[in-house]
file upload38.pdb (PDB, C-alpha atoms)
ATOM      1  CA  MET A 754      -3.670 -33.477 -21.002
ATOM      2  CA  THR A 755      -5.961 -36.391 -20.141
ATOM      3  CA  LEU A 756      -5.953 -37.399 -16.508
ATOM      4  CA  GLU A 757      -7.001 -40.739 -15.064
ATOM      5  CA  PRO A 758     -10.413 -40.791 -13.348
ATOM      6  CA  LEU A 759     -10.395 -40.141  -9.617
ATOM      7  CA  ALA A 760     -12.099 -43.505  -8.962
ATOM      8  CA  THR A 761     -12.090 -46.869 -10.726
ATOM      9  CA  LEU A 762     -14.522 -49.618 -11.629
ATOM     10  CA  ALA A 763     -13.085 -51.564  -8.678
ATOM     11  CA  ASP A 764     -13.954 -48.652  -6.344
ATOM     12  CA  LEU A 765     -17.529 -48.707  -7.663
ATOM     13  CA  ALA A 766     -17.790 -52.490  -7.272
ATOM     14  CA  ALA A 767     -16.445 -52.250  -3.692
ATOM     15  CA  LEU A 768     -19.441 -50.022  -2.896
ATOM     16  CA  ASN A 769     -21.855 -52.533  -4.526
ATOM     17  CA  ILE A 770     -22.540 -50.216  -7.453
ATOM     18  CA  ASP A 771     -23.574 -52.087 -10.601
ATOM     19  CA  VAL A 772     -20.793 -51.790 -13.179
ATOM     20  CA  SER A 773     -22.152 -54.303 -15.689
ATOM     21  CA  ASP A 774     -22.358 -51.518 -18.293
ATOM     22  CA  THR A 775     -18.646 -50.696 -18.226
ATOM     23  CA  ALA A 776     -18.870 -48.204 -21.074
ATOM     24  CA  LEU A 777     -21.430 -46.131 -19.153
ATOM     25  CA  ALA A 778     -19.494 -46.450 -15.890
ATOM     26  CA  ASP A 779     -16.199 -45.444 -17.551
ATOM     27  CA  SER A 780     -17.874 -42.467 -19.229
ATOM     28  CA  LEU A 781     -19.412 -41.334 -15.957
ATOM     29  CA  LEU A 782     -16.123 -41.810 -14.080
ATOM     30  CA  ALA A 783     -14.371 -39.550 -16.588
ATOM     31  CA  SER A 784     -17.037 -36.825 -16.597
ATOM     32  CA  VAL A 785     -17.588 -36.798 -12.820
ATOM     33  CA  SER A 786     -13.815 -36.728 -12.229
ATOM     34  CA  ALA A 787     -13.505 -33.738 -14.560
ATOM     35  CA  ALA A 788     -16.327 -31.950 -12.733
ATOM     36  CA  VAL A 789     -14.764 -32.628  -9.318
ATOM     37  CA  ARG A 790     -11.384 -31.339 -10.538
ATOM     38  CA  GLU A 791     -13.044 -28.237 -11.974
ATOM     39  CA  ALA A 792     -14.822 -27.570  -8.673
ATOM     40  CA  ALA A 793     -11.618 -28.159  -6.706
ATOM     41  CA  GLY A 794      -9.597 -25.936  -9.013
ATOM     42  CA  THR A 795      -6.760 -28.456  -9.129
ATOM     43  CA  THR A 796      -5.900 -31.812 -10.661
ATOM     44  CA  ILE A 797      -5.996 -33.557  -7.242
ATOM     45  CA  THR A 798      -3.717 -36.330  -8.568
ATOM     46  CA  GLU A 799       0.042 -35.787  -8.709
ATOM     47  CA  THR A 800       1.000 -33.778 -11.785
ATOM     48  CA  THR A 801       3.857 -31.582 -12.936
ATOM     49  CA  SER A 802       2.803 -28.170 -14.249
ATOM     50  CA  THR A 803       4.503 -25.100 -15.639
ATOM     51  CA  VAL A 804       2.683 -21.865 -14.859
ATOM     52  CA  ARG A 805       3.374 -18.240 -15.757
ATOM     53  CA  PHE A 806       2.000 -15.335 -13.799
ATOM     54  CA  ALA A 807       2.774 -11.760 -12.779
ATOM     55  CA  THR A 808       4.768 -11.148  -9.619
ATOM     56  CA  GLU A 809       3.499  -9.310  -6.571
ATOM     57  CA  PRO A 810       5.252  -6.498  -4.692
ATOM     58  CA  SER A 811       5.873  -8.798  -1.753
ATOM     59  CA  ARG A 812       8.383 -11.454  -0.721
ATOM     60  CA  ARG A 813       5.778 -14.247  -0.911
ATOM     61  CA  VAL A 814       4.050 -15.708  -3.957
ATOM     62  CA  GLU A 815       1.469 -18.486  -3.599
ATOM     63  CA  LEU A 816       1.662 -21.318  -6.104
ATOM     64  CA  PRO A 817      -1.697 -22.019  -7.795
ATOM     65  CA  ALA A 818      -2.103 -25.722  -6.908
ATOM     66  CA  ARG A 819      -1.854 -27.785  -3.745
ATOM     67  CA  PRO A 820      -0.283 -29.717  -2.186
ATOM     68  CA  VAL A 821       3.086 -28.652  -3.581
ATOM     69  CA  ARG A 822       5.434 -31.654  -3.726
ATOM     70  CA  SER A 823       8.509 -30.029  -5.261
ATOM     71  CA  VAL A 824       9.650 -27.077  -7.365
ATOM     72  CA  SER A 825      12.047 -27.898 -10.189
ATOM     73  CA  SER A 826      12.444 -24.528 -11.891
ATOM     74  CA  VAL A 827      11.788 -20.847 -11.171
ATOM     75  CA  LYS A 828      12.452 -18.168 -13.779
ATOM     76  CA  LEU A 829      12.019 -14.455 -13.256
ATOM     77  CA  ASP A 830      11.681 -12.649 -16.591
ATOM     78  CA  GLY A 831      13.302 -15.681 -18.246
ATOM     79  CA  GLU A 832      16.303 -15.834 -15.888
ATOM     80  CA  GLU A 833      16.681 -19.051 -13.878
ATOM     81  CA  LEU A 834      16.780 -18.459 -10.111
ATOM     82  CA  PRO A 835      18.637 -20.906  -7.847
ATOM     83  CA  GLU A 836      16.674 -22.311  -4.910
ATOM     84  CA  GLY A 837      18.215 -21.485  -1.564
ATOM     85  CA  VAL A 838      19.958 -18.429  -3.001
ATOM     86  CA  ASP A 839      17.115 -16.335  -4.457
ATOM     87  CA  PHE A 840      14.066 -18.155  -3.039
ATOM     88  CA  VAL A 841      12.835 -20.995  -0.835
ATOM     89  CA  VAL A 842       9.633 -23.027  -0.936
ATOM     90  CA  ARG A 843       7.529 -23.104   2.230
ATOM     91  CA  ASP A 844       3.951 -24.397   2.531
ATOM     92  CA  GLY A 845       3.140 -23.960  -1.173
ATOM     93  CA  HIS A 846       4.648 -20.477  -1.392
ATOM     94  CA  LEU A 847       7.800 -19.086  -2.973
ATOM     95  CA  TRP A 848       9.583 -16.807  -0.518
ATOM     96  CA  ARG A 849      12.142 -14.367  -1.911
ATOM     97  CA  LEU A 850      15.370 -14.284   0.106
ATOM     98  CA  GLY A 851      17.518 -11.339   1.079
ATOM     99  CA  GLY A 852      14.588  -9.098   2.027
ATOM    100  CA  ARG A 853      13.859  -8.424  -1.640
ATOM    101  CA  PRO A 854      10.294  -8.419  -2.999
ATOM    102  CA  TRP A 855       9.484 -10.093  -6.324
ATOM    103  CA  HIS A 856       9.180  -6.548  -7.672
ATOM    104  CA  ASP A 857       9.179  -3.118  -6.025
ATOM    105  CA  TYR A 858       6.046  -1.058  -5.465
ATOM    106  CA  GLY A 859       5.422   1.230  -8.399
ATOM    107  CA  GLN A 860       7.197  -1.089 -10.836
ATOM    108  CA  VAL A 861       5.504  -3.043 -13.575
ATOM    109  CA  PRO A 862       4.980  -6.654 -12.404
ATOM    110  CA  ARG A 863       7.585  -9.100 -13.661
ATOM    111  CA  GLU A 864       6.853 -12.519 -15.169
ATOM    112  CA  LEU A 865       7.426 -15.535 -12.975
ATOM    113  CA  GLU A 866       7.555 -18.998 -14.575
ATOM    114  CA  VAL A 867       7.442 -21.952 -12.191
ATOM    115  CA  THR A 868       7.624 -25.680 -12.936
ATOM    116  CA  PHE A 869       6.443 -27.702  -9.969
ATOM    117  CA  THR A 870       4.934 -31.030  -8.964
ATOM    118  CA  HIS A 871       1.692 -30.913  -7.014
ATOM    119  CA  GLY A 872      -1.222 -33.116  -5.996
ATOM    120  CA  TYR A 873      -1.716 -36.359  -4.120
ATOM    121  CA  THR A 874       0.098 -39.588  -4.962
ATOM    122  CA  GLN A 875      -3.079 -41.439  -3.957
ATOM    123  CA  VAL A 876      -6.559 -39.929  -4.354
ATOM    124  CA  PRO A 877      -8.014 -39.228  -0.884
ATOM    125  CA  ALA A 878     -10.759 -41.658   0.147
ATOM    126  CA  ASP A 879     -13.399 -38.936   0.553
ATOM    127  CA  ILE A 880     -12.884 -37.807  -3.032
ATOM    128  CA  VAL A 881     -13.068 -41.402  -4.328
ATOM    129  CA  ARG A 882     -16.334 -41.893  -2.446
ATOM    130  CA  THR A 883     -17.780 -38.601  -3.708
ATOM    131  CA  VAL A 884     -17.005 -39.563  -7.303
ATOM    132  CA  CYS A 885     -18.546 -43.015  -6.767
ATOM    133  CA  VAL A 886     -21.756 -41.528  -5.320
ATOM    134  CA  TYR A 887     -22.211 -39.246  -8.332
ATOM    135  CA  VAL A 888     -21.433 -42.076 -10.747
ATOM    136  CA  ALA A 889     -24.011 -44.269  -8.974
ATOM    137  CA  ALA A 890     -26.581 -41.489  -9.415
ATOM    138  CA  GLY A 891     -25.705 -41.318 -13.116
ATOM    139  CA  ILE A 892     -26.063 -45.084 -13.499
ATOM    140  CA  ALA A 893     -29.444 -44.989 -11.734
ATOM    141  CA  ALA A 894     -30.594 -42.137 -13.967
ATOM    142  CA  ALA A 895     -29.510 -44.074 -17.055
ATOM    143  CA  GLN A 896     -31.476 -47.121 -15.876
ATOM    144  CA  ASP A 897     -34.566 -44.884 -15.574
ATOM    145  CA  GLY A 898     -33.968 -43.624 -19.110
ATOM    146  CA  PHE A 899     -32.945 -40.238 -17.682
ATOM    147  CA  GLU A 900     -36.618 -39.666 -16.882
ATOM    148  CA  GLY A 901     -37.010 -36.628 -14.685
ATOM    149  CA  HIS A 902     -38.571 -37.051 -11.264
ATOM    150  CA  ARG A 903     -39.101 -33.389 -10.526
ATOM    151  CA  GLY A 904     -42.523 -32.754  -9.047
ATOM    152  CA  LEU A 905     -43.139 -36.458  -8.353
ATOM    153  CA  GLN A 906     -44.745 -36.734  -4.941
ATOM    154  CA  TYR A 907     -45.628 -40.412  -4.836
ATOM    155  CA  ARG A 908     -46.228 -43.528  -6.893
ATOM    156  CA  SER A 909     -48.786 -46.156  -6.196
ATOM    157  CA  ILE A 910     -49.849 -49.499  -7.532
ATOM    158  CA  ASP A 911     -53.603 -50.081  -7.163
ATOM    159  CA  ASP A 912     -54.444 -49.462  -3.518
ATOM    160  CA  VAL A 913     -50.909 -49.674  -2.204
TER
END

call {"tool": "encode", "arguments": {"input": "upload38.pdb", "output": "structure tokens"}}
result
Amino acid sequence: MTLEPLATLADLAALNIDVSDTALADSLLASVSAAVREAAGTTITETTSTVRFATEPSRRVELPARPVRSVSSVKLDGEELPEGVDFVVRDGHLWRLGGRPWHDYGQVPRELEVTFTHGYTQVPADIVRTVCVYVAAGIAAAQDGFEGHRGLQYRSIDDV
């Protein structure tokens, strides 16, 4: 699944970042966005996902991505569970109703399959800015020919 970058060429231009080399800027937007998503552990943008995981011997199970927008399907060992009867969704968690845990202590964990929509409808401004700053650094590095500056203490021209 290919996701749109977390910032755009227009976002870069709004910050006075040179986007004349659009191929480089687009490439950096894609790679920096992927790195930010990897670090965040979530897609950030609104997405629908289906996940499968083992249950816990408790009434609460945390869904693996935030913010949770909606839950469209919950299956326990392949059996569809109706919302409001067997579970409710509260603050990104599935809560089992009727005082029942997802499985009892001493039992083998059961498989829970959840289809849910999560993420932001609009990328938060701080994330857009972070992506733009890293893209700007990549553009600057490309303009320097990716020459390393490690160990550089100063540069001078003649006596200046």

call {"tool": "atom_distance", "arguments": {"input": "upload38.pdb", "atom1": "CA of Leu759 in chain A", "atom2": "CA of Ser786 in chain A"}}
result
5.5 Å

call {"tool": "residues_around", "arguments": {"input": "upload38.pdb", "residues": "His856 in chain A", "least_positions_apart": "6", "cutoff": "8 Å", "atoms": "all atoms listed in the file", "output": "list of chain:residue names"}}
result
A:Thr808, A:Glu809, A:Pro810, A:Ser811, A:Pro862, A:Arg863

call {"tool": "write_last_selection", "arguments": {"input": "upload38.pdb", "atoms": "C-alpha atoms", "output": "tab-separated table (two decimals), keeping the file's coordinate frame"}}
result
chain	number	residue	atom	x	y	z
A	808	THR	CA	4.77	-11.15	-9.62
A	809	GLU	CA	3.50	-9.31	-6.57
A	810	PRO	CA	5.25	-6.50	-4.69
A	811	SER	CA	5.87	-8.80	-1.75
A	862	PRO	CA	4.98	-6.65	-12.40
A	863	ARG	CA	7.58	-9.10	-13.66

call {"tool": "resolve_selection", "arguments": {"input": "upload38.pdb", "expression": "the PyMOL selection byres ((chain A and resi 758) around 10)", "output": "PyMOL selection string"}}
result
chain A and resi 755-757+759-762+779-787+790+798+876+881+884

call {"tool": "residues_around", "arguments": {"input": "upload38.pdb", "residues": "Arg812 in chain A", "least_positions_apart": "5", "cutoff": "10 Å", "atoms": "all atoms listed in the file", "output": "ChimeraX atom specification"}}
result
/A:840,846-857

call {"tool": "atom_distance", "arguments": {"input": "upload38.pdb", "atom1": "CA of Ser825 in chain A", "atom2": "CA of Ser802 in chain A"}}
result
10.1 Å

call {"tool": "atom_distance", "arguments": {"input": "upload38.pdb", "atom1": "CA of Leu768 in chain A", "atom2": "CA of Gly794 in chain A"}}
result
26.7 Å

call {"tool": "closest_residue", "arguments": {"input": "upload38.pdb", "among": "A:Ala807, A:Ala763, A:Tyr907, A:Ala793", "to": "Gln860 in chain A", "atoms": "only C-alpha atoms"}}
result
A:Ala807

call {"tool": "closest_residue", "arguments": {"input": "upload38.pdb", "among": "A:Val888, A:Val821, A:Val861, A:Val827", "to": "Thr874 in chain A", "atoms": "all atoms listed in the file"}}
result
A:Val821

call {"tool": "decode", "arguments": {"input": "upload38.pdb", "residues": "range 807-822 of chain A", "atoms": "all heavy atoms", "output": "PDB file, in the first residue's frame"}}
result
ATOM      1  N   ALA A 807      -3.534 -11.915  18.957  1.00  0.00           N
ATOM      2  CA  ALA A 807      -4.014 -12.783  20.031  1.00  0.00           C
ATOM      3  C   ALA A 807      -4.713 -11.942  21.096  1.00  0.00           C
ATOM      4  O   ALA A 807      -4.340 -10.802  21.353  1.00  0.00           O
ATOM      5  CB  ALA A 807      -2.846 -13.543  20.654  1.00  0.00           C
ATOM      6  N   THR A 808      -5.737 -12.513  21.690  1.00  0.00           N
ATOM      7  CA  THR A 808      -6.473 -11.831  22.749  1.00  0.00           C
ATOM      8  C   THR A 808      -5.665 -11.835  24.042  1.00  0.00           C
ATOM      9  O   THR A 808      -4.664 -12.539  24.175  1.00  0.00           O
ATOM     10  CB  THR A 808      -7.823 -12.504  23.002  1.00  0.00           C
ATOM     11  OG1 THR A 808      -7.597 -13.870  23.360  1.00  0.00           O
ATOM     12  CG2 THR A 808      -8.721 -12.406  21.801  1.00  0.00           C
ATOM     13  N   GLU A 809      -6.147 -11.052  24.979  1.00  0.00           N
ATOM     14  CA  GLU A 809      -5.551 -10.979  26.312  1.00  0.00           C
ATOM     15  C   GLU A 809      -6.586 -11.446  27.329  1.00  0.00           C
ATOM     16  O   GLU A 809      -7.786 -11.319  27.081  1.00  0.00           O
ATOM     17  CB  GLU A 809      -5.147  -9.535  26.623  1.00  0.00           C
ATOM     18  CG  GLU A 809      -4.150  -8.965  25.642  1.00  0.00           C
ATOM     19  CD  GLU A 809      -3.908  -7.476  25.850  1.00  0.00           C
ATOM     20  OE1 GLU A 809      -4.489  -6.886  26.792  1.00  0.00           O
ATOM     21  OE2 GLU A 809      -3.147  -6.916  25.064  1.00  0.00           O
ATOM     22  N   PRO A 810      -6.144 -11.954  28.472  1.00  0.00           N
ATOM     23  CA  PRO A 810      -7.122 -12.380  29.487  1.00  0.00           C
ATOM     24  C   PRO A 810      -7.635 -11.187  30.285  1.00  0.00           C
ATOM     25  O   PRO A 810      -7.510 -11.116  31.503  1.00  0.00           O
ATOM     26  CB  PRO A 810      -6.323 -13.356  30.349  1.00  0.00           C
ATOM     27  CG  PRO A 810      -4.923 -12.879  30.221  1.00  0.00           C
ATOM     28  CD  PRO A 810      -4.792 -12.337  28.831  1.00  0.00           C
ATOM     29  N   SER A 811      -8.162 -10.213  29.566  1.00  0.00           N
ATOM     30  CA  SER A 811      -8.735  -9.035  30.211  1.00  0.00           C
ATOM     31  C   SER A 811      -9.954  -8.606  29.407  1.00  0.00           C
ATOM     32  O   SER A 811     -10.226  -9.146  28.340  1.00  0.00           O
ATOM     33  CB  SER A 811      -7.714  -7.894  30.264  1.00  0.00           C
ATOM     34  OG  SER A 811      -7.526  -7.352  28.982  1.00  0.00           O
ATOM     35  N   ARG A 812     -10.660  -7.612  29.892  1.00  0.00           N
ATOM     36  CA  ARG A 812     -11.836  -7.107  29.172  1.00  0.00           C
ATOM     37  C   ARG A 812     -11.455  -6.060  28.144  1.00  0.00           C
ATOM     38  O   ARG A 812     -12.249  -5.693  27.302  1.00  0.00           O
ATOM     39  CB  ARG A 812     -12.831  -6.507  30.174  1.00  0.00           C
ATOM     40  CG  ARG A 812     -13.440  -7.546  31.090  1.00  0.00           C
ATOM     41  CD  ARG A 812     -14.475  -6.956  32.017  1.00  0.00           C
ATOM     42  NE  ARG A 812     -15.471  -6.215  31.266  1.00  0.00           N
ATOM     43  CZ  ARG A 812     -15.996  -5.064  31.668  1.00  0.00           C
ATOM     44  NH1 ARG A 812     -15.632  -4.521  32.804  1.00  0.00           N
ATOM     45  NH2 ARG A 812     -16.896  -4.456  30.940  1.00  0.00           N
ATOM     46  N   ARG A 813     -10.218  -5.552  28.196  1.00  0.00           N
ATOM     47  CA  ARG A 813      -9.790  -4.452  27.333  1.00  0.00           C
ATOM     48  C   ARG A 813      -8.664  -4.892  26.404  1.00  0.00           C
ATOM     49  O   ARG A 813      -7.717  -5.529  26.826  1.00  0.00           O
ATOM     50  CB  ARG A 813      -9.292  -3.288  28.196  1.00  0.00           C
ATOM     51  CG  ARG A 813      -8.823  -2.095  27.403  1.00  0.00           C
ATOM     52  CD  ARG A 813      -8.288  -1.011  28.316  1.00  0.00           C
ATOM     53  NE  ARG A 813      -7.092  -1.408  29.014  1.00  0.00           N
ATOM     54  CZ  ARG A 813      -5.862  -1.203  28.555  1.00  0.00           C
ATOM     55  NH1 ARG A 813      -5.655  -0.610  27.414  1.00  0.00           N
ATOM     56  NH2 ARG A 813      -4.828  -1.595  29.251  1.00  0.00           N
ATOM     57  N   VAL A 814      -8.807  -4.536  25.131  1.00  0.00           N
ATOM     58  CA  VAL A 814      -7.760  -4.776  24.141  1.00  0.00           C
ATOM     59  C   VAL A 814      -7.483  -3.455  23.438  1.00  0.00           C
ATOM     60  O   VAL A 814      -8.408  -2.789  22.960  1.00  0.00           O
ATOM     61  CB  VAL A 814      -8.182  -5.848  23.096  1.00  0.00           C
ATOM     62  CG1 VAL A 814      -7.174  -5.940  21.978  1.00  0.00           C
ATOM     63  CG2 VAL A 814      -8.365  -7.197  23.768  1.00  0.00           C
ATOM     64  N   GLU A 815      -6.216  -3.051  23.387  1.00  0.00           N
ATOM     65  CA  GLU A 815      -5.847  -1.802  22.729  1.00  0.00           C
ATOM     66  C   GLU A 815      -5.627  -2.042  21.242  1.00  0.00           C
ATOM     67  O   GLU A 815      -4.925  -2.973  20.853  1.00  0.00           O
ATOM     68  CB  GLU A 815      -4.568  -1.246  23.350  1.00  0.00           C
ATOM     69  CG  GLU A 815      -4.166   0.087  22.772  1.00  0.00           C
ATOM     70  CD  GLU A 815      -2.966   0.687  23.483  1.00  0.00           C
ATOM     71  OE1 GLU A 815      -2.466   0.088  24.454  1.00  0.00           O
ATOM     72  OE2 GLU A 815      -2.531   1.763  23.054  1.00  0.00           O
ATOM     73  N   LEU A 816      -6.236  -1.200  20.421  1.00  0.00           N
ATOM     74  CA  LEU A 816      -6.023  -1.294  18.981  1.00  0.00           C
ATOM     75  C   LEU A 816      -4.652  -0.697  18.641  1.00  0.00           C
ATOM     76  O   LEU A 816      -4.202   0.251  19.285  1.00  0.00           O
ATOM     77  CB  LEU A 816      -7.147  -0.587  18.224  1.00  0.00           C
ATOM     78  CG  LEU A 816      -8.503  -1.271  18.379  1.00  0.00           C
ATOM     79  CD1 LEU A 816      -9.604  -0.446  17.742  1.00  0.00           C
ATOM     80  CD2 LEU A 816      -8.476  -2.662  17.787  1.00  0.00           C
ATOM     81  N   PRO A 817      -3.972  -1.251  17.622  1.00  0.00           N
ATOM     82  CA  PRO A 817      -2.569  -0.909  17.383  1.00  0.00           C
ATOM     83  C   PRO A 817      -2.293   0.389  16.628  1.00  0.00           C
ATOM     84  O   PRO A 817      -1.145   0.632  16.268  1.00  0.00           O
ATOM     85  CB  PRO A 817      -2.075  -2.114  16.575  1.00  0.00           C
ATOM     86  CG  PRO A 817      -3.272  -2.576  15.843  1.00  0.00           C
ATOM     87  CD  PRO A 817      -4.421  -2.342  16.779  1.00  0.00           C
ATOM     88  N   ALA A 818      -3.268   1.227  16.374  1.00  0.00           N
ATOM     89  CA  ALA A 818      -3.022   2.491  15.681  1.00  0.00           C
ATOM     90  C   ALA A 818      -3.963   3.553  16.223  1.00  0.00           C
ATOM     91  O   ALA A 818      -5.082   3.259  16.628  1.00  0.00           O
ATOM     92  CB  ALA A 818      -3.209   2.322  14.180  1.00  0.00           C
ATOM     93  N   ARG A 819      -3.500   4.789  16.211  1.00  0.00           N
ATOM     94  CA  ARG A 819      -4.280   5.898  16.745  1.00  0.00           C
ATOM     95  C   ARG A 819      -4.344   7.031  15.741  1.00  0.00           C
ATOM     96  O   ARG A 819      -3.476   7.125  14.897  1.00  0.00           O
ATOM     97  CB  ARG A 819      -3.643   6.437  18.034  1.00  0.00           C
ATOM     98  CG  ARG A 819      -3.539   5.435  19.157  1.00  0.00           C
ATOM     99  CD  ARG A 819      -4.893   5.219  19.758  1.00  0.00           C
ATOM    100  NE  ARG A 819      -4.806   4.246  20.830  1.00  0.00           N
ATOM    101  CZ  ARG A 819      -5.198   4.487  22.046  1.00  0.00           C
ATOM    102  NH1 ARG A 819      -5.680   5.641  22.373  1.00  0.00           N
ATOM    103  NH2 ARG A 819      -5.121   3.554  22.946  1.00  0.00           N
ATOM    104  N   PRO A 820      -5.222   7.969  15.858  1.00  0.00           N
ATOM    105  CA  PRO A 820      -6.457   7.866  16.616  1.00  0.00           C
ATOM    106  C   PRO A 820      -7.449   6.962  15.903  1.00  0.00           C
ATOM    107  O   PRO A 820      -7.504   6.936  14.674  1.00  0.00           O
ATOM    108  CB  PRO A 820      -6.966   9.300  16.659  1.00  0.00           C
ATOM    109  CG  PRO A 820      -6.425   9.936  15.437  1.00  0.00           C
ATOM    110  CD  PRO A 820      -5.101   9.267  15.189  1.00  0.00           C
ATOM    111  N   VAL A 821      -8.213   6.212  16.663  1.00  0.00           N
ATOM    112  CA  VAL A 821      -9.221   5.313  16.098  1.00  0.00           C
ATOM    113  C   VAL A 821     -10.438   6.153  15.718  1.00  0.00           C
ATOM    114  O   VAL A 821     -10.994   6.870  16.548  1.00  0.00           O
ATOM    115  CB  VAL A 821      -9.607   4.208  17.102  1.00  0.00           C
ATOM    116  CG1 VAL A 821     -10.748   3.362  16.568  1.00  0.00           C
ATOM    117  CG2 VAL A 821      -8.392   3.349  17.419  1.00  0.00           C
ATOM    118  N   ARG A 822     -10.827   6.073  14.444  1.00  0.00           N
ATOM    119  CA  ARG A 822     -11.986   6.818  13.946  1.00  0.00           C
ATOM    120  C   ARG A 822     -13.260   5.988  14.045  1.00  0.00           C
ATOM    121  O   ARG A 822     -14.303   6.480  14.439  1.00  0.00           O
ATOM    122  CB  ARG A 822     -11.772   7.234  12.490  1.00  0.00           C
ATOM    123  CG  ARG A 822     -10.612   8.160  12.280  1.00  0.00           C
ATOM    124  CD  ARG A 822     -11.008   9.526  12.752  1.00  0.00           C
ATOM    125  NE  ARG A 822      -9.902  10.448  12.559  1.00  0.00           N
ATOM    126  CZ  ARG A 822      -9.771  11.548  13.253  1.00  0.00           C
ATOM    127  NH1 ARG A 822     -10.645  11.859  14.159  1.00  0.00           N
ATOM    128  NH2 ARG A 822      -8.760  12.333  13.044  1.00  0.00           N
TER     129      ARG A 822
END
